[in-house]
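Visitor: Next up, my_file-v5.txt (compact mmCIF, C-alpha atoms).
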# COMPACT_ATOMS: atom_id res chain seq x y z
CA MET J 1 86.59 209.01 97.49
CA THR J 2 87.93 212.57 97.39
CA GLU J 3 91.05 213.54 99.29
CA ARG J 4 88.93 215.70 101.58
CA GLU J 5 86.60 212.81 102.38
CA LYS J 6 89.55 210.47 102.95
CA ALA J 7 91.18 212.98 105.30
CA ARG J 8 87.93 213.30 107.26
CA ARG J 9 87.52 209.55 107.65
CA GLU J 10 91.15 209.03 108.68
CA ALA J 11 91.01 211.76 111.30
CA PRO J 12 90.88 209.22 114.21
CA LEU J 13 94.13 207.61 113.00
CA ARG J 14 95.88 210.96 112.82
CA GLN J 15 94.60 211.99 116.24
CA VAL J 16 95.88 208.80 117.90
CA GLU J 17 99.27 209.08 116.19
CA THR J 18 99.54 212.81 116.99
CA TYR J 19 98.74 212.10 120.63
CA TRP J 20 101.37 209.33 120.73
CA ARG J 21 104.01 211.61 119.19
CA GLY J 22 103.21 214.22 121.82
CA LEU J 23 104.20 211.68 124.49
CA CYS J 24 107.57 210.99 122.86
CA ASP J 25 110.58 212.99 123.92
CA GLY J 26 112.13 212.44 120.49
CA SER J 27 114.42 209.61 121.51
CA SER J 28 112.35 207.06 123.44
CA VAL J 29 109.04 205.24 123.19
CA PRO J 30 106.34 206.44 125.63
CA LEU J 31 105.29 204.40 128.66
CA ARG J 32 101.91 202.71 128.75
CA SER J 33 101.19 204.54 132.02
CA GLN J 34 101.52 207.88 130.19
CA VAL J 35 98.55 207.17 127.96
CA ASP J 36 95.48 209.12 129.06
CA PRO J 37 92.26 208.42 127.10
CA ARG J 38 91.23 212.05 127.51
CA GLY J 39 94.08 213.04 125.19
CA MET J 40 92.40 211.30 122.24
CA GLU J 41 88.80 211.44 123.37
CA SER J 42 87.21 211.85 119.94
CA ALA J 43 89.08 208.77 118.61
CA LEU J 44 88.38 206.34 121.48
CA GLU J 45 85.81 204.44 119.43
CA ASN J 46 88.59 203.40 117.05
CA ALA J 47 91.49 203.08 119.50
CA PHE J 48 92.83 200.03 121.34
CA LEU J 49 95.72 198.93 123.56
CA LEU J 50 97.92 195.89 122.92
CA GLU J 51 100.16 193.54 124.87
CA ARG J 52 102.87 191.46 123.21
CA ILE J 53 102.42 187.73 123.87
CA ALA J 54 104.88 186.31 121.30
CA PRO J 55 107.45 187.75 118.86
CA SER J 56 104.82 188.10 116.12
CA MET J 57 101.62 188.16 118.17
CA ALA J 58 99.83 190.64 120.42
CA LYS J 59 96.52 190.48 122.24
CA ILE J 60 93.99 193.27 122.62
CA ARG J 61 93.85 194.56 126.19
CA VAL J 62 91.29 197.36 125.76
CA ALA J 63 89.33 198.19 122.61
CA GLY J 64 86.91 200.80 121.36
CA THR J 65 83.43 199.88 120.20
CA HIS J 66 84.33 199.90 116.50
CA LEU J 67 86.46 196.75 116.79
CA ASN J 68 83.64 195.03 118.69
CA ASP J 69 81.23 196.01 115.91
CA LEU J 70 83.50 194.56 113.21
CA MET J 71 83.81 191.21 115.02
CA GLY J 72 80.29 191.10 116.44
CA MET J 73 81.66 190.36 119.90
CA GLN J 74 83.88 191.72 122.67
CA VAL J 75 87.46 191.57 121.37
CA ALA J 76 89.31 192.35 124.62
CA GLY J 77 91.62 189.43 125.38
CA MET J 78 91.66 188.19 121.77
CA PRO J 79 94.76 188.17 119.53
CA LEU J 80 94.87 191.17 117.21
CA SER J 81 95.38 188.72 114.35
CA SER J 82 91.79 187.54 114.90
CA LEU J 83 90.80 190.47 112.68
CA ILE J 84 93.07 189.21 109.87
CA ALA J 85 92.25 186.52 107.30
CA PRO J 86 94.20 183.31 108.05
CA ALA J 87 96.12 183.45 104.76
CA ASP J 88 97.55 186.89 105.64
CA ARG J 89 98.38 186.35 109.32
CA GLU J 90 102.00 185.44 108.68
CA ARG J 91 102.54 188.67 106.75
CA PHE J 92 100.66 190.62 109.43
CA GLY J 93 102.95 189.03 112.04
CA GLN J 94 105.94 190.67 110.33
CA GLY J 95 104.47 194.06 111.17
CA VAL J 96 103.78 193.07 114.79
CA THR J 97 107.34 191.79 115.13
CA ALA J 98 108.76 195.10 113.85
CA LEU J 99 106.40 197.11 116.09
CA PHE J 100 108.02 195.77 119.26
CA ALA J 101 111.48 194.69 118.14
CA ASP J 102 112.74 197.74 116.25
CA PRO J 103 110.55 199.62 117.48
CA ALA J 104 108.47 200.77 114.52
CA ILE J 105 105.29 202.51 113.44
CA VAL J 106 103.23 200.15 111.31
CA ARG J 107 100.53 201.36 108.90
CA ILE J 108 98.37 198.80 107.12
CA ASP J 109 95.69 199.08 104.44
CA LEU J 110 93.10 196.32 104.71
CA ARG J 111 90.29 194.86 102.61
CA ALA J 112 87.57 192.69 104.16
CA GLU J 113 86.93 189.17 102.90
CA ALA J 114 83.84 188.93 100.70
CA GLY J 115 80.91 186.66 101.38
CA PHE J 116 77.15 186.38 101.69
CA GLY J 117 75.84 189.43 103.55
CA LYS J 118 79.33 190.92 103.62
CA PRO J 119 79.55 194.01 101.37
CA ASP J 120 82.79 195.63 100.25
CA LEU J 121 84.63 197.02 103.25
CA GLU J 122 88.06 198.65 103.44
CA ALA J 123 89.98 199.65 106.54
CA SER J 124 93.15 201.39 107.69
CA LEU J 125 95.19 200.46 110.75
CA VAL J 126 98.05 202.12 112.62
CA LEU J 127 100.15 200.44 115.34
CA LEU J 128 102.39 202.44 117.70
CA PRO J 129 104.81 200.98 120.27
CA LEU J 130 104.66 201.58 124.03
CA ARG J 131 106.86 200.54 126.94
CA SER J 132 105.57 198.74 130.02
CA ASP J 133 106.21 200.11 133.51
CA PHE J 134 109.36 197.94 133.54
CA GLY J 135 110.63 199.69 130.42
CA ASP J 136 110.37 196.76 128.01
CA LEU J 137 108.72 197.07 124.61
CA THR J 138 105.68 194.87 125.20
CA ARG J 139 102.77 197.30 124.86
CA GLY J 140 101.17 199.05 121.93
CA LEU J 141 98.62 201.69 121.00
CA GLY J 142 96.59 201.37 117.83
CA ALA J 143 93.60 202.61 115.91
CA LEU J 144 91.46 201.11 113.16
CA ILE J 145 88.89 202.75 110.90
CA SER J 146 86.73 201.14 108.22
CA HIS J 147 84.98 202.52 105.12
CA GLY J 148 81.72 200.86 104.16
CA ARG J 149 78.88 198.91 105.69
CA ILE J 150 79.91 196.17 108.12
CA GLY J 151 77.17 193.66 107.26
CA ARG J 152 77.39 190.16 108.71
CA THR J 153 80.03 189.64 111.35
CA PRO J 154 82.72 188.69 112.04
CA ARG J 155 84.58 190.66 109.36
CA ARG J 156 88.17 189.60 108.76
CA PHE J 157 90.60 191.51 106.59
CA GLN J 158 93.23 190.81 103.98
CA VAL J 159 96.48 192.80 104.06
CA VAL J 160 96.62 195.04 100.99
CA ARG J 161 99.63 197.16 101.90
CA MET J 162 101.90 197.44 104.93
CA HIS J 163 104.31 200.31 105.58
CA ILE J 164 106.94 200.19 108.34
CA SER J 165 108.92 203.21 109.57
CA ALA J 166 111.16 203.99 112.54
CA ALA J 167 109.25 204.94 115.68
CA VAL J 168 111.84 207.32 117.15
CA SER J 169 115.01 208.93 115.86
CA GLY J 170 118.15 206.85 115.96
CA THR J 171 116.33 203.51 115.78
CA PRO J 172 116.21 202.15 112.23
CA ALA J 173 113.08 200.06 111.74
CA ALA J 174 112.95 196.74 109.95
CA PRO J 175 116.31 196.67 108.11
CA GLY J 176 115.65 196.57 104.39
CA LEU J 177 111.99 197.40 104.91
CA ALA J 178 111.98 200.80 106.64
CA GLY J 179 109.94 203.27 104.63
CA THR J 180 108.87 200.61 102.16
CA ASP J 181 106.01 198.21 101.65
CA VAL J 182 106.44 194.71 103.02
CA PRO J 183 106.29 192.34 100.05
CA GLN J 184 103.90 189.44 99.83
CA PRO J 185 105.55 186.21 101.04
CA ARG J 186 105.93 183.32 98.65
CA PRO J 187 103.27 180.63 98.90
CA ALA J 188 104.11 178.00 101.47
CA PHE J 189 103.75 175.23 98.89
CA GLU J 190 106.41 176.66 96.56
CA VAL J 191 109.42 174.38 96.95
CA ARG J 192 112.53 174.55 94.86
CA GLU J 193 114.13 171.15 94.37
CA GLU J 194 117.84 170.80 93.88
CA GLN J 195 118.65 169.85 90.33
CA ARG J 196 120.75 166.73 90.12
CA SER J 197 122.43 165.17 87.10
CA PHE J 198 121.04 161.83 86.06
CA THR J 199 123.44 158.92 86.38
CA PRO J 200 122.18 155.67 84.87
CA ALA J 201 122.27 152.71 87.20
CA PRO J 202 125.10 150.25 86.53
CA ALA J 203 124.16 147.31 84.39
CA ALA J 204 123.44 144.15 86.29
CA LYS J 205 126.23 141.55 86.22
CA THR J 206 125.64 138.64 83.87
CA GLU J 207 125.66 135.37 85.74
CA GLU J 208 128.24 132.85 84.53
CA PRO J 209 126.79 129.61 83.22
CA ARG J 210 126.87 126.83 85.75
CA PRO J 211 129.19 123.91 84.83
CA THR J 212 127.44 120.83 83.48
CA VAL J 213 127.77 117.91 85.84
CA GLN J 214 128.59 114.67 84.06
CA ARG J 215 126.71 111.84 85.61
CA GLY J 216 127.80 108.18 85.10
CA HIS J 217 125.40 105.56 83.62
CA LEU J 218 124.24 102.60 85.74
CA ARG J 219 124.09 99.10 84.24
CA LEU J 220 121.85 96.43 85.73
CA ILE J 221 123.22 92.86 85.42
CA VAL J 222 120.82 89.98 86.28
CA ASP J 223 122.15 86.48 87.06
CA ASN J 224 119.37 83.87 87.01
CA ASP J 225 121.67 80.89 87.78
For this file, produce the structure as structure tokens.

Guide:
Amino acid sequence: MTEREKARREAPLRQVETYWRGLCDGSSVPLRSQVDPRGMESALENAFLLERIAPSMAKIRVAGTHLNDLMGMQVAGMPLSSLIAPADRERFGQGVTALFADPAIVRIDLRAEAGFGKPDLEASLVLLPLRSDFGDLTRGLGALISHGRIGRTPRRFQVVRMHISAAVSGTPAAPGLAGTDVPQPRPAFEVREEQRSFTPAPAAKTEEPRPTVQRGHLRLIVDND
């Protein structure tokens, strides 16, 4: 794919992010109530709104038709992680945590799981934080685009690369991870055992021989008189 073609395909992501930045005043995250679909009209097919339901989980409140096409069903009300392969959901949860907690802008490159009737499919995702009407960071705006034929649904994606950056000035995002890729976590089955020196068990005590009991001899005397 040429750079020009890539830029054309990623236009919806840029439009959603540009619209979100236009709502920022440079020092605070926009309110959910400020979002007007008309401001990103040509990207609505790829856009969606989120609500935080746990530190590392968010559910889809409203979604464009592209997400429905990828899953083969209506995705409103479903966790966003439903689009992610089970093995990568923990890593994906790191990005969702940073989105609301820091707050942060999260960009993720995705690759669909292979299978019968499921051709190669790549996707790009951007997540942007929003505040609720109460001012808490529990809402989000996002967009997802895919490159390739969808094929059989549902299509779930593996996390290829995740980039986290500060959402607004003066709020460092994801300490140690801001502006970098989030590394792959270690496999859950990898356990490091503490090395211990081997101490042989003490030798069993030797039992003392039991004393021999001397028994007296009986003599039978018969008197026939």

Visitor: What's the 8 Å shell around stretch 61-74 of chain J, counting only C-alpha atoms, without same-chain residues fewer than 3 positions away, as a PyMOL selection string?

Guide: chain J and resi 44-51+77+83+144-145+150+153-156

Visitor: Can you spit out the residues from that selection as a CSV table (one decimal), in the frame of the given file, using C-alpha atoms?

Guide:
chain,number,residue,atom,x,y,z
J,44,LEU,CA,88.4,206.3,121.5
J,45,GLU,CA,85.8,204.4,119.4
J,46,ASN,CA,88.6,203.4,117.0
J,47,ALA,CA,91.5,203.1,119.5
J,48,PHE,CA,92.8,200.0,121.3
J,49,LEU,CA,95.7,198.9,123.6
J,50,LEU,CA,97.9,195.9,122.9
J,51,GLU,CA,100.2,193.5,124.9
J,77,GLY,CA,91.6,189.4,125.4
J,83,LEU,CA,90.8,190.5,112.7
J,144,LEU,CA,91.5,201.1,113.2
J,145,ILE,CA,88.9,202.8,110.9
J,150,ILE,CA,79.9,196.2,108.1
J,153,THR,CA,80.0,189.6,111.4
J,154,PRO,CA,82.7,188.7,112.0
J,155,ARG,CA,84.6,190.7,109.4
J,156,ARG,CA,88.2,189.6,108.8

Visitor: Rounded to one decimal place, report the atom CA of J:Pro12-atom CA of J:Met78 distance in Å.

Guide: 22.4 Å

Visitor: Residues within 7 Å of stretch 15-22 of chain J, please, as a ChimeraX atom specification. Count all atoms listed in the file; anything in the same chain fewer than 2 positions from it doesn't count.

Guide: /J:11-13,24,39-40,43,143

Visitor: If we count all atoms listed in the file, what is near J:Phe92 at a cut-off of 10 Å, once residues fewer than 3 positions away on the same chain are taken out, given as a ChimeraX atom specification?

Guide: /J:56-57,80-81,84-89,95-97,108,158-159,162,182

Visitor: Find, counting all atoms listed in the file, the residue in J:Ile105, J:Gly148, J:Arg91, J:Ala98 that gets nearest to J:Pro119.

Guide: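 For J:Pro119, the nearest of the candidates is J:Gly148.
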
Visitor: Of the residues J:Asp136, J:Val168, J:Ala123, J:Ala114, which is the one nearest to J:Gly151, using only C-alpha atoms?

Guide: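 Among the listed residues, J:Ala114 lies closest to J:Gly151.
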
Visitor: To one decimal in Å, tell me the separation between atom CA of J:Glu113 and atom CA of J:Arg161.

Guide: 15.0 Å

Visitor: For atom CA of J:Ile60 and atom CA of J:Arg32, determine how far apart the two atoms are, in Å to one decimal place.

Guide: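 About the pair atom CA of J:Ile60 and atom CA of J:Arg32: they are 13.8 Å apart.
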
Visitor: Hey, what's within 12 Å of J:Ala101 if we count only C-alpha atoms and toss same-chain stuff fewer than 6 positions away? As a ChimeraX atom specification, please?

Guide: /J:29,52,54-57,93-95,128-131,136-140,166-167,171-175

Visitor: Within 6 Å of J:Val106, counting all atoms listed in the file, which residues show up once you throw out same-chain ones fewer than 6 positions away? Write them as a ChimeraX atom specification, please.

Guide: /J:126-127,163-164
